[in-house]
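Student: So I've got this file, query.cif, and it contains mmCIF, C-alpha atoms and all ligand atoms:
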data_coords
#
loop_
_atom_site.label_atom_id
_atom_site.label_comp_id
_atom_site.auth_asym_id
_atom_site.auth_seq_id
_atom_site.Cartn_x
_atom_site.Cartn_y
_atom_site.Cartn_z
CA MET A 16 -111.18 -20.78 257.84
CA VAL A 17 -108.31 -18.33 257.95
CA GLY A 18 -107.84 -18.02 254.18
CA ALA A 19 -111.56 -17.57 253.52
CA THR A 20 -111.70 -14.90 256.23
CA ILE A 21 -108.94 -12.72 254.79
CA ALA A 22 -110.39 -13.21 251.30
CA CYS A 23 -113.76 -11.91 252.58
CA MET A 24 -112.14 -8.94 254.29
CA LEU A 25 -110.16 -7.90 251.21
CA ALA A 26 -112.90 -8.60 248.65
CA GLU A 27 -115.27 -6.44 250.73
CA LYS A 28 -112.77 -3.59 250.33
CA GLY A 29 -112.91 -4.07 246.58
CA VAL A 30 -109.49 -5.76 246.28
CA THR A 31 -109.66 -8.43 243.53
CA VAL A 32 -109.16 -11.82 245.16
CA ALA A 33 -108.91 -15.41 243.94
CA VAL A 34 -109.43 -18.18 246.51
CA ILE A 35 -107.83 -21.53 245.69
CA ASP A 36 -108.77 -24.57 247.79
CA ALA A 37 -107.84 -28.22 247.36
CA GLY A 38 -111.13 -29.12 249.06
CA ASP A 39 -114.75 -28.38 248.30
CA PRO A 40 -116.68 -26.92 251.26
CA MET A 41 -119.57 -29.16 252.32
CA LYS A 42 -122.89 -27.51 251.57
CA ASN A 43 -125.49 -29.96 252.84
CA TRP A 44 -125.71 -32.33 255.73
CA ALA A 45 -128.50 -33.75 257.86
CA LYS A 46 -129.27 -31.53 260.87
CA GLU A 47 -128.48 -34.35 263.28
CA GLU A 48 -125.02 -34.91 261.73
CA TYR A 49 -122.21 -33.19 263.60
CA ASP A 50 -118.74 -32.28 262.35
CA LEU A 51 -116.04 -33.83 264.51
CA ARG A 52 -113.83 -30.80 263.93
CA VAL A 53 -115.05 -27.92 266.05
CA SER A 54 -113.45 -24.69 267.23
CA ALA A 55 -114.07 -22.69 270.37
CA LEU A 56 -114.19 -19.22 268.83
CA THR A 57 -113.37 -16.27 271.08
CA LEU A 58 -115.59 -13.21 271.39
CA ALA A 59 -113.02 -11.35 269.27
CA SER A 60 -113.42 -13.92 266.46
CA ILE A 61 -117.22 -13.75 266.77
CA ASN A 62 -117.06 -9.95 266.50
CA LEU A 63 -114.93 -10.31 263.37
CA PHE A 64 -117.52 -12.64 261.81
CA LYS A 65 -120.28 -10.22 262.83
CA SER A 66 -118.47 -7.37 261.09
CA LEU A 67 -118.22 -9.49 257.94
CA GLY A 68 -121.93 -10.33 258.12
CA VAL A 69 -121.29 -14.08 258.39
CA TRP A 70 -122.17 -14.60 262.06
CA GLU A 71 -125.92 -14.63 261.29
CA SER A 72 -125.40 -17.58 258.93
CA ILE A 73 -123.29 -19.37 261.56
CA GLU A 74 -126.03 -18.82 264.14
CA ALA A 75 -128.64 -20.17 261.74
CA LEU A 76 -126.55 -23.27 261.00
CA GLY A 77 -125.81 -23.87 264.69
CA GLU A 78 -123.40 -22.73 267.41
CA GLU A 79 -123.36 -22.91 271.18
CA ALA A 80 -122.35 -20.13 273.56
CA VAL A 81 -119.62 -20.71 276.15
CA GLN A 82 -120.54 -18.75 279.25
CA LYS A 83 -118.42 -20.46 281.87
CA MET A 84 -115.20 -22.38 282.21
CA PHE A 85 -114.50 -25.08 284.80
CA VAL A 86 -110.98 -26.48 285.08
CA TRP A 87 -109.85 -29.13 287.51
CA ASP A 88 -106.85 -31.36 288.10
CA HIS A 89 -106.74 -35.14 288.55
CA PHE A 90 -104.43 -34.52 291.47
CA GLY A 91 -105.71 -32.84 294.65
CA SER A 92 -108.63 -30.47 294.93
CA GLY A 93 -107.40 -27.51 292.87
CA GLU A 94 -110.06 -26.09 290.57
CA LEU A 95 -110.85 -22.95 288.67
CA ASP A 96 -114.28 -21.69 287.72
CA ILE A 97 -114.73 -18.62 285.60
CA ASP A 98 -117.99 -16.95 284.63
CA SER A 99 -118.16 -14.44 281.78
CA ALA A 100 -120.86 -12.55 283.72
CA ASP A 101 -118.19 -11.57 286.27
CA ALA A 102 -116.32 -9.83 283.45
CA GLY A 103 -119.53 -8.13 282.32
CA GLU A 104 -120.07 -10.25 279.20
CA ILE A 105 -122.86 -12.66 278.30
CA GLN A 106 -120.42 -15.18 276.83
CA MET A 107 -116.70 -15.90 276.39
CA GLY A 108 -117.13 -17.31 272.95
CA SER A 109 -118.95 -20.01 271.01
CA VAL A 110 -118.27 -23.55 269.92
CA VAL A 111 -118.83 -23.93 266.18
CA GLU A 112 -118.32 -26.91 263.92
CA ASN A 113 -115.57 -26.02 261.44
CA ARG A 114 -117.63 -26.91 258.39
CA ILE A 115 -120.33 -24.45 259.54
CA THR A 116 -117.81 -21.60 259.78
CA VAL A 117 -116.32 -22.52 256.41
CA LEU A 118 -119.74 -22.74 254.72
CA ALA A 119 -120.84 -19.36 256.13
CA LEU A 120 -117.62 -17.73 254.89
CA TRP A 121 -117.87 -19.49 251.56
CA GLU A 122 -121.45 -18.31 250.94
CA LYS A 123 -120.29 -14.77 251.67
CA LEU A 124 -117.33 -15.09 249.27
CA LEU A 125 -119.63 -16.23 246.46
CA GLN A 126 -121.68 -13.04 246.87
CA LEU A 127 -118.67 -10.74 246.58
CA LYS A 128 -118.16 -9.42 243.06
CA SER A 129 -114.40 -8.98 243.34
CA CYS A 130 -113.81 -12.60 244.40
CA ASP A 131 -113.26 -15.67 242.20
CA VAL A 132 -113.15 -19.14 243.72
CA PHE A 133 -111.23 -22.17 242.48
CA ILE A 134 -112.31 -25.31 244.35
CA SER A 135 -111.03 -28.90 244.29
CA VAL A 136 -107.81 -27.67 242.76
CA GLN A 137 -104.29 -27.64 244.19
CA LEU A 138 -101.69 -24.93 244.04
CA GLU A 139 -98.76 -26.69 242.33
CA GLY A 140 -96.16 -23.95 242.18
CA PHE A 141 -95.50 -20.25 241.92
CA GLU A 142 -92.85 -17.81 240.74
CA ALA A 143 -92.47 -14.28 241.98
CA ASP A 144 -90.60 -11.30 240.52
CA ASP A 145 -90.73 -7.52 240.86
CA ASP A 146 -93.89 -7.29 238.74
CA GLY A 147 -96.08 -10.03 240.19
CA VAL A 148 -96.50 -13.65 241.15
CA THR A 149 -97.53 -16.39 238.71
CA ILE A 150 -99.43 -19.25 240.35
CA LYS A 151 -99.83 -22.64 238.69
CA LEU A 152 -102.84 -24.80 239.55
CA SER A 153 -103.22 -28.57 239.20
CA ASP A 154 -105.90 -28.18 236.49
CA GLY A 155 -103.49 -26.28 234.24
CA VAL A 156 -104.88 -22.82 235.04
CA THR A 157 -102.37 -20.03 235.67
CA ILE A 158 -103.19 -17.01 237.81
CA VAL A 159 -101.14 -13.82 237.84
CA ALA A 160 -101.45 -11.71 240.99
CA SER A 161 -99.73 -8.99 243.00
CA LEU A 162 -99.57 -11.09 246.15
CA LEU A 163 -99.88 -14.74 247.18
CA VAL A 164 -101.27 -15.33 250.70
CA GLY A 165 -100.41 -18.81 251.97
CA ALA A 166 -103.22 -19.90 254.32
CA ASP A 167 -102.69 -23.56 253.45
CA GLY A 168 -102.39 -25.05 256.93
CA SER A 169 -99.61 -26.68 258.93
CA ASN A 170 -98.25 -28.72 256.00
CA SER A 171 -98.16 -25.56 253.87
CA LYS A 172 -96.88 -26.27 250.38
CA ILE A 173 -96.38 -22.55 249.83
CA ARG A 174 -94.08 -22.42 252.87
CA ARG A 175 -92.12 -25.45 251.61
CA LEU A 176 -91.80 -24.10 248.06
CA SER A 177 -90.55 -20.79 249.49
CA GLY A 178 -87.83 -22.62 251.40
CA ILE A 179 -89.00 -21.08 254.68
CA ASP A 180 -87.93 -23.28 257.59
CA ASP A 181 -90.26 -24.56 260.25
CA TYR A 182 -89.20 -25.50 263.76
CA GLY A 183 -90.91 -27.41 266.54
CA TRP A 184 -91.52 -30.87 267.91
CA GLU A 185 -94.07 -33.66 267.98
CA TYR A 186 -95.83 -34.01 271.34
CA LYS A 187 -96.05 -37.83 271.16
CA GLN A 188 -99.68 -37.24 272.05
CA LYS A 189 -102.86 -37.54 270.05
CA ALA A 190 -106.15 -35.72 270.50
CA LEU A 191 -109.20 -37.96 270.25
CA VAL A 192 -112.27 -36.05 269.11
CA ALA A 193 -115.87 -37.25 269.37
CA THR A 194 -119.41 -35.97 269.83
CA VAL A 195 -121.34 -37.28 272.82
CA ARG A 196 -124.70 -36.76 274.48
CA PRO A 197 -124.25 -36.15 278.23
CA GLU A 198 -126.69 -37.34 280.86
CA LYS A 199 -126.63 -33.90 282.57
CA SER A 200 -126.86 -30.45 280.96
CA HIS A 201 -123.55 -28.97 279.80
CA GLN A 202 -124.65 -25.62 281.30
CA ASN A 203 -122.89 -23.75 278.48
CA THR A 204 -119.65 -24.51 280.28
CA ALA A 205 -116.30 -25.49 278.79
CA TRP A 206 -115.11 -28.28 281.12
CA GLN A 207 -111.43 -29.18 281.21
CA ARG A 208 -109.77 -31.80 283.39
CA PHE A 209 -106.01 -32.16 283.46
CA LEU A 210 -105.18 -35.86 283.46
CA PRO A 211 -101.69 -37.40 283.81
CA GLU A 212 -101.38 -37.95 280.02
CA GLY A 213 -102.99 -34.67 278.92
CA PRO A 214 -106.12 -32.55 279.14
CA LEU A 215 -109.67 -33.73 278.52
CA ALA A 216 -111.90 -30.92 277.20
CA LEU A 217 -115.68 -31.19 277.08
CA LEU A 218 -117.05 -28.34 275.00
CA PRO A 219 -120.74 -27.40 274.83
CA LEU A 220 -122.15 -28.08 271.36
CA ARG A 221 -125.54 -27.30 269.77
CA ASP A 222 -128.55 -29.50 270.64
CA GLY A 223 -127.28 -30.16 274.17
CA LEU A 224 -124.34 -32.23 272.93
CA ILE A 225 -120.70 -32.17 273.93
CA SER A 226 -117.65 -32.13 271.69
CA ILE A 227 -114.70 -33.81 273.39
CA VAL A 228 -111.00 -33.28 272.77
CA TRP A 229 -109.20 -35.93 274.81
CA THR A 230 -105.44 -35.66 274.70
CA SER A 231 -103.40 -38.74 275.72
CA PHE A 232 -100.21 -40.53 274.78
CA THR A 233 -100.44 -41.94 271.26
CA GLU A 234 -100.81 -45.58 272.46
CA THR A 235 -103.62 -44.69 274.90
CA THR A 236 -105.50 -42.76 272.23
CA GLU A 237 -105.15 -45.66 269.77
CA ALA A 238 -106.52 -48.01 272.46
CA ASN A 239 -109.43 -45.64 273.20
CA LEU A 240 -110.26 -45.56 269.49
CA LYS A 241 -110.56 -49.34 269.48
CA LEU A 242 -112.88 -49.58 272.52
CA SER A 243 -116.51 -50.51 271.88
CA ASP A 244 -118.88 -47.52 272.01
CA SER A 245 -120.17 -48.44 275.47
CA ASN A 246 -116.69 -49.09 276.91
CA PHE A 247 -115.46 -45.81 275.45
CA CYS A 248 -118.36 -43.91 277.05
CA GLU A 249 -117.62 -45.58 280.39
CA ALA A 250 -113.95 -44.59 280.15
CA LEU A 251 -114.98 -41.02 279.30
CA ALA A 252 -117.40 -40.81 282.25
CA GLU A 253 -114.62 -42.00 284.53
CA ALA A 254 -112.05 -39.61 283.06
CA SER A 255 -114.46 -36.68 283.56
CA GLU A 256 -115.31 -37.84 287.10
CA GLN A 257 -119.00 -38.10 286.11
CA GLN A 258 -119.29 -34.29 286.18
CA LEU A 259 -121.81 -34.59 283.34
CA GLY A 260 -122.98 -38.10 284.25
CA ASP A 261 -122.84 -40.88 281.66
CA PHE A 262 -122.43 -40.37 277.93
CA GLU A 263 -123.86 -41.70 274.71
CA LEU A 264 -121.65 -41.61 271.62
CA VAL A 265 -123.06 -39.72 268.60
CA GLY A 266 -121.17 -40.70 265.44
CA ALA A 267 -117.54 -41.69 264.94
CA ARG A 268 -114.28 -41.03 266.81
CA ARG A 269 -111.11 -39.65 265.23
CA ALA A 270 -107.61 -38.81 266.41
CA PHE A 271 -105.13 -36.10 265.42
CA PRO A 272 -101.38 -36.17 266.15
CA LEU A 273 -100.27 -33.04 268.00
CA LYS A 274 -97.24 -30.90 267.36
CA LEU A 275 -95.81 -27.48 267.96
CA GLN A 276 -94.53 -25.85 264.81
CA PHE A 277 -93.56 -22.33 263.93
CA SER A 278 -91.77 -20.42 261.23
CA PRO A 279 -89.49 -17.51 262.02
CA GLU A 280 -90.11 -15.90 258.64
CA TYR A 281 -93.61 -14.89 257.52
CA THR A 282 -92.90 -13.35 254.15
CA GLN A 283 -90.82 -13.42 250.99
CA GLN A 284 -91.06 -11.63 247.67
CA ARG A 285 -94.82 -11.20 246.92
CA MET A 286 -95.72 -14.04 249.31
CA VAL A 287 -96.98 -14.00 252.88
CA LEU A 288 -98.05 -16.79 255.26
CA ILE A 289 -100.89 -16.74 257.82
CA GLY A 290 -102.66 -19.12 260.20
CA ASP A 291 -101.45 -22.68 260.76
CA ALA A 292 -99.02 -22.24 257.88
CA ILE A 293 -96.80 -20.30 260.34
CA HIS A 294 -97.93 -21.59 263.74
CA THR A 295 -99.44 -24.86 264.88
CA ILE A 296 -100.06 -25.09 268.61
CA HIS A 297 -101.35 -27.54 271.20
CA PRO A 298 -105.18 -27.39 271.20
CA LEU A 299 -105.44 -27.35 275.00
CA ALA A 300 -106.83 -23.81 275.16
CA GLY A 301 -108.50 -23.81 271.75
CA GLN A 302 -106.48 -20.90 270.37
CA GLY A 303 -105.13 -22.08 266.97
CA ALA A 304 -107.88 -20.83 264.68
CA ASN A 305 -108.36 -17.71 266.80
CA LEU A 306 -104.69 -16.82 266.37
CA GLY A 307 -104.95 -17.36 262.62
CA LEU A 308 -107.98 -15.06 262.49
CA LYS A 309 -105.92 -12.38 264.27
CA ASP A 310 -103.25 -12.81 261.56
CA ALA A 311 -105.98 -12.37 258.93
CA VAL A 312 -107.24 -9.13 260.52
CA THR A 313 -103.75 -7.65 260.83
CA LEU A 314 -102.72 -8.58 257.30
CA ALA A 315 -106.00 -7.32 255.82
CA ASN A 316 -105.50 -4.00 257.65
CA VAL A 317 -101.95 -3.38 256.40
CA ILE A 318 -102.92 -4.40 252.86
CA SER A 319 -106.01 -2.15 252.95
CA GLN A 320 -103.94 0.83 254.10
CA ALA A 321 -101.51 0.35 251.19
CA TYR A 322 -104.40 -0.23 248.75
CA ASP A 323 -106.19 2.96 249.84
CA LYS A 324 -102.99 4.96 249.28
CA GLY A 325 -102.45 3.40 245.85
CA ARG A 326 -99.22 1.71 246.99
CA ASP A 327 -97.98 -1.78 246.11
CA ILE A 328 -99.86 -4.10 248.51
CA ALA A 329 -97.08 -6.69 248.24
CA SER A 330 -94.08 -4.50 249.06
CA GLN A 331 -91.81 -5.88 251.78
CA GLN A 332 -92.50 -2.71 253.78
CA VAL A 333 -96.20 -3.64 253.94
CA LEU A 334 -95.69 -7.37 254.54
CA ARG A 335 -93.00 -6.86 257.20
CA ARG A 336 -95.36 -4.52 259.05
CA TYR A 337 -97.80 -7.46 259.36
CA GLU A 338 -94.97 -9.80 260.43
CA ARG A 339 -93.79 -7.37 263.11
CA GLN A 340 -97.31 -6.88 264.48
CA ARG A 341 -98.11 -10.59 264.72
CA LYS A 342 -94.89 -12.39 265.58
CA GLY A 343 -94.74 -11.36 269.26
CA ASP A 344 -98.33 -12.39 270.02
CA ASN A 345 -98.03 -15.67 268.11
CA LEU A 346 -94.79 -16.63 269.89
CA LEU A 347 -96.17 -15.66 273.30
CA ILE A 348 -99.34 -17.75 272.92
CA MET A 349 -97.28 -20.69 271.61
CA ALA A 350 -94.95 -20.48 274.60
CA ILE A 351 -97.87 -20.27 277.07
CA MET A 352 -99.61 -23.29 275.52
CA ASP A 353 -96.39 -25.29 275.51
CA GLY A 354 -95.70 -24.23 279.11
CA PHE A 355 -99.17 -25.37 280.23
CA LYS A 356 -98.71 -28.67 278.45
CA ARG A 357 -95.41 -29.22 280.31
CA LEU A 358 -96.73 -27.98 283.66
CA TYR A 359 -99.59 -30.48 283.53
CA GLY A 360 -97.45 -33.29 282.19
CA ALA A 361 -94.61 -32.95 284.70
CA ASP A 362 -93.58 -36.11 286.60
CA ASP A 363 -91.83 -34.34 289.48
CA ALA A 364 -93.83 -35.03 292.69
CA LEU A 365 -93.75 -31.38 293.77
CA VAL A 366 -95.20 -30.00 290.55
CA PRO A 367 -98.79 -31.27 291.09
CA ILE A 368 -98.77 -29.81 294.61
CA ALA A 369 -97.59 -26.43 293.34
CA ARG A 370 -100.15 -26.64 290.53
CA ASN A 371 -102.99 -27.23 292.97
CA ILE A 372 -101.96 -24.40 295.25
CA GLY A 373 -101.59 -22.11 292.22
CA MET A 374 -105.03 -23.04 290.90
CA SER A 375 -106.69 -22.41 294.27
CA LEU A 376 -104.94 -19.05 294.61
CA VAL A 377 -106.06 -18.00 291.15
CA ASN A 378 -109.61 -19.18 291.88
CA ASN A 379 -109.75 -16.86 294.88
CA SER A 380 -108.62 -13.80 292.93
CA MET A 381 -111.41 -12.15 290.95
CA LEU A 382 -108.84 -9.84 289.33
CA ILE A 383 -106.78 -12.69 287.86
CA LYS A 384 -109.93 -14.62 286.91
CA ASN A 385 -111.22 -11.60 284.98
CA GLN A 386 -107.87 -11.36 283.19
CA ILE A 387 -108.08 -15.06 282.22
CA CYS A 388 -111.66 -14.48 281.09
CA LYS A 389 -110.60 -11.56 278.87
CA TYR A 390 -107.81 -13.71 277.45
CA ALA A 391 -110.32 -16.51 276.72
CA MET A 392 -112.48 -13.91 274.96
CA GLY A 393 -109.51 -12.87 272.84
CA LEU A 394 -109.81 -9.27 274.07
C1 LIG B 401 -108.13 -31.58 267.94
C2 LIG B 401 -108.01 -30.12 267.62
C3 LIG B 401 -108.88 -29.21 268.26
C4 LIG B 401 -108.78 -27.85 267.97
N1 LIG B 401 -109.62 -26.98 268.63
C5 LIG B 401 -109.52 -25.65 268.39
C6 LIG B 401 -110.38 -24.72 269.06
O1 LIG B 401 -111.23 -25.08 269.88
N2 LIG B 401 -110.22 -23.38 268.80
C7 LIG B 401 -109.28 -22.94 267.91
O2 LIG B 401 -109.16 -21.72 267.72
N3 LIG B 401 -108.46 -23.79 267.27
C8 LIG B 401 -108.56 -25.13 267.46
N4 LIG B 401 -107.74 -26.00 266.80
C9 LIG B 401 -106.77 -25.48 265.81
C10 LIG B 401 -107.48 -25.18 264.48
O3 LIG B 401 -108.17 -26.32 264.01
C11 LIG B 401 -106.46 -24.72 263.43
O4 LIG B 401 -105.65 -23.72 264.00
C12 LIG B 401 -107.17 -24.14 262.22
O5 LIG B 401 -107.96 -25.12 261.58
C13 LIG B 401 -106.16 -23.61 261.20
O6 LIG B 401 -106.86 -23.00 260.16
P1 LIG B 401 -106.13 -22.62 258.79
O7 LIG B 401 -107.22 -22.03 257.95
O8 LIG B 401 -104.91 -21.82 259.07
O9 LIG B 401 -105.61 -24.00 258.19
P2 LIG B 401 -106.43 -25.28 257.72
O10 LIG B 401 -107.69 -25.41 258.48
O11 LIG B 401 -105.47 -26.42 257.78
O12 LIG B 401 -106.80 -24.98 256.22
C14 LIG B 401 -105.86 -25.05 255.17
C15 LIG B 401 -106.61 -24.99 253.86
O13 LIG B 401 -105.65 -24.99 252.78
C16 LIG B 401 -106.06 -25.90 251.78
N5 LIG B 401 -104.84 -26.36 251.09
C17 LIG B 401 -103.76 -26.96 251.64
N6 LIG B 401 -102.81 -27.20 250.70
C18 LIG B 401 -103.32 -26.72 249.52
C19 LIG B 401 -102.82 -26.66 248.19
N7 LIG B 401 -101.60 -27.12 247.84
N8 LIG B 401 -103.62 -26.12 247.23
C20 LIG B 401 -104.84 -25.64 247.56
N9 LIG B 401 -105.35 -25.65 248.80
C21 LIG B 401 -104.60 -26.19 249.78
C22 LIG B 401 -106.82 -26.99 252.51
O14 LIG B 401 -107.73 -27.63 251.64
C23 LIG B 401 -107.53 -26.18 253.61
O15 LIG B 401 -108.78 -25.72 253.19
C24 LIG B 401 -107.80 -27.38 267.06
C25 LIG B 401 -106.95 -28.28 266.42
C26 LIG B 401 -107.05 -29.64 266.70
C27 LIG B 401 -106.11 -30.60 266.01
#
For this file, produce the structure as structure tokens.
Tutor:
Amino acid sequence: MVGATIACMLAEKGVTVAVIDAGDPMKNWAKEEYDLRVSALTLASINLFKSLGVWESIEALGEEAVQKMFVWDHFGSGELDIDSADAGEIQMGSVVENRITVLALWEKLLQLKSCDVFISVQLEGFEADDDGVTIKLSDGVTIVASLLVGADGSNSKIRRLSGIDDYGWEYKQKALVATVRPEKSHQNTAWQRFLPEGPLALLPLRDGLISIVWTSFTETTEANLKLSDSNFCEALAEASEQQLGDFELVGARRAFPLKLQFSPEYTQQRMVLIGDAIHTIHPLAGQGANLGLKDAVTLANVISQAYDKGRDIASQQVLRRYERQRKGDNLLIMAIMDGFKRLYGADDALVPIARNIGMSLVNNSMLIKNQICKYAMGL
């Protein structure tokens, strides 16, 4: 998602771009098949896709607006409800299946004259010097470029080959994802309940469905994966306090281990990292892809400025400008997500009480709620 986005932005400017992907974006699927991987995209990310002319394709393939947010705690009566209308917007964002976003971007890339795509091929290695970077692919092809952008996800090979360290920790939690049909309407609301082992998010999906991200300790998630479909749906209805009634499972269930990971260094000679390659965060507020898209916008802007002035787009001056502009925001969001995870996972008896009081106070302050809403919109 992040790599294809920056490629689109730069190729639109006329910069010659080659996109290398180990995978092959899915092009066809039955309408009633749903991707288990979805992202809640902020209004800022939607506006980016609109400016690239890909949002129309995403809309045609299917997305669902998020207009409200309802958050509640398993302990006490604290709750938080936020409506985008109160902040003067029709929606906070949209929930889109990842393969839809990738396909829309991919179709755009194929139309751009200054972009070449290399699919189902791995980057094997690269060497950089003052004149350029030579990239070796698994099919024997060699590409020579001015700059290598590593948007290769949290296990980034480019980061490893560069010797850039990554720091962080495993959460000893897994996120179970599934698509379900709720008995009651989702009301275009992102529902989130904080449970003792982690948050349960119920995101509105196209066709009246719900995409769930249910975070629990690894053993609990493994047990939930093994439940029969009907027992799983019962457990889900109980965990969500029947807010949306009963559920019917649509398709498979899958689990992802969760970790926090970040790199203090974003760039080296003729190489720069973006997206999950430099920051992987807890999915509890659905910010990972949105953060990566912000990296893409910032990097595309600094590269474009250098390109327009006829300067070297891969100079350390240019790349460090991107690093400086993004590092603060990335670290702040990571710290907030980690803080939330700890606040809602704390064992201390007083913490849930404080949490409940805090949530009620926030719920009574329109000013703070509007700030949260703007944050959820990525504005
Ligand atoms: C359960 C869960 C729920 C989430 N929900 C949300 C959400 O609601 N909102 C949100 O914003 N974020 C969400 N996220 C986070 C989001 O999924 C990631 O932040 C996002 O996918 C990162 O995008 P990326 O393009 O940086 O990396 P990736 O999506 O990991 O893409 C990396 C790409 O690099 C390619 N690649 C890797 N190695 C090589 C190689 N050697 N050669 C060639 N190609 C290579 C891969 O094929 C892939 O296409 C969630 C994450 C999880 C786990």
Student: Quick one: of A:Ser243, A:Thr31, A:Thr233, A:Ser319, who's nearest to Cys130 (chain A), counting only C-alpha atoms?
Tutor: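 Ranking A:Ser243, A:Thr31, A:Thr233, A:Ser319 by distance to Cys130 (chain A), first place goes to A:Thr31.
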Student: Using only C-alpha atoms and all ligand atoms, which residue out of A:Ala238, A:Ala100, A:Leu275, A:Leu152 lies closest to ligand LIG 401 (chain B)?
Tutor: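 Comparing A:Ala238, A:Ala100, A:Leu275, A:Leu152 against ligand LIG 401 (chain B), the winner is A:Leu152.
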Student: Choose the residue, out of A:Lys189, A:Arg268, A:Arg370, A:Arg285, that has the smallest atom-to-atom separation from ligand LIG 401 (chain B); count all atoms listed in the file.
Tutor: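 Once distances to ligand LIG 401 (chain B) are computed over all atoms listed in the file, the minimum belongs to A:Lys189.
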Student: For a quick check of your reading of the model, name the residues lying within 12 Å of the coordinate (-105.0, -19.3, 291.0), counting all atoms listed in the file, and write them as a list in words.
Tutor: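 Those residues, ordered by chain and then number, are Val86, Trp87, Gly93, Glu94, Leu95, Asp96, Ile97, Ala369, Arg370, Asn371, Ile372, Gly373, Met374, Ser375, Leu376, Val377, Asn378, Asn379, Ser380, Met381, Leu382, Ile383, Lys384, Asn385, Gln386 and Ile387 of chain A.
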Student: Within 10 Å of region 117-126 of chain A, counting only C-alpha atoms, which residues show up once you throw out same-chain ones fewer than 2 positions away? Write them as a PDB file with C-alpha atoms, in the coordinates of the input, please.
Tutor:
ATOM      1  CA  MET A  16    -111.180 -20.780 257.840  1.00  0.00           C
ATOM      2  CA  VAL A  17    -108.310 -18.330 257.950  1.00  0.00           C
ATOM      3  CA  GLY A  18    -107.840 -18.020 254.180  1.00  0.00           C
ATOM      4  CA  ALA A  19    -111.560 -17.570 253.520  1.00  0.00           C
ATOM      5  CA  THR A  20    -111.700 -14.900 256.230  1.00  0.00           C
ATOM      6  CA  ALA A  22    -110.390 -13.210 251.300  1.00  0.00           C
ATOM      7  CA  CYS A  23    -113.760 -11.910 252.580  1.00  0.00           C
ATOM      8  CA  MET A  24    -112.140  -8.940 254.290  1.00  0.00           C
ATOM      9  CA  ALA A  26    -112.900  -8.600 248.650  1.00  0.00           C
ATOM     10  CA  GLU A  27    -115.270  -6.440 250.730  1.00  0.00           C
ATOM     11  CA  VAL A  32    -109.160 -11.820 245.160  1.00  0.00           C
ATOM     12  CA  ALA A  33    -108.910 -15.410 243.940  1.00  0.00           C
ATOM     13  CA  VAL A  34    -109.430 -18.180 246.510  1.00  0.00           C
ATOM     14  CA  ASP A  39    -114.750 -28.380 248.300  1.00  0.00           C
ATOM     15  CA  PRO A  40    -116.680 -26.920 251.260  1.00  0.00           C
ATOM     16  CA  MET A  41    -119.570 -29.160 252.320  1.00  0.00           C
ATOM     17  CA  LYS A  42    -122.890 -27.510 251.570  1.00  0.00           C
ATOM     18  CA  ASN A  43    -125.490 -29.960 252.840  1.00  0.00           C
ATOM     19  CA  PHE A  64    -117.520 -12.640 261.810  1.00  0.00           C
ATOM     20  CA  LEU A  67    -118.220  -9.490 257.940  1.00  0.00           C
ATOM     21  CA  GLY A  68    -121.930 -10.330 258.120  1.00  0.00           C
ATOM     22  CA  VAL A  69    -121.290 -14.080 258.390  1.00  0.00           C
ATOM     23  CA  TRP A  70    -122.170 -14.600 262.060  1.00  0.00           C
ATOM     24  CA  GLU A  71    -125.920 -14.630 261.290  1.00  0.00           C
ATOM     25  CA  SER A  72    -125.400 -17.580 258.930  1.00  0.00           C
ATOM     26  CA  ILE A  73    -123.290 -19.370 261.560  1.00  0.00           C
ATOM     27  CA  GLU A  74    -126.030 -18.820 264.140  1.00  0.00           C
ATOM     28  CA  ALA A  75    -128.640 -20.170 261.740  1.00  0.00           C
ATOM     29  CA  LEU A  76    -126.550 -23.270 261.000  1.00  0.00           C
ATOM     30  CA  GLU A 112    -118.320 -26.910 263.920  1.00  0.00           C
ATOM     31  CA  ASN A 113    -115.570 -26.020 261.440  1.00  0.00           C
ATOM     32  CA  ARG A 114    -117.630 -26.910 258.390  1.00  0.00           C
ATOM     33  CA  ILE A 115    -120.330 -24.450 259.540  1.00  0.00           C
ATOM     34  CA  LYS A 128    -118.160  -9.420 243.060  1.00  0.00           C
ATOM     35  CA  SER A 129    -114.400  -8.980 243.340  1.00  0.00           C
ATOM     36  CA  CYS A 130    -113.810 -12.600 244.400  1.00  0.00           C
ATOM     37  CA  ASP A 131    -113.260 -15.670 242.200  1.00  0.00           C
ATOM     38  CA  VAL A 132    -113.150 -19.140 243.720  1.00  0.00           C
TER      39      VAL A 132
END
Student: Between A:Ile173, A:Ile348, A:Leu299, A:Ala205, single out the one closest to Ile150 (chain A), counting only C-alpha atoms.
Tutor: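 Closest candidate: A:Ile173.
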Student: Looking at all atoms listed in the file, which of A:Gly266, A:Gly290, A:Gly393, A:Pro211 is the one that sits closest to ligand LIG 401 (chain B)?
Tutor: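 For ligand LIG 401 (chain B), the nearest of the given residues is A:Gly290.
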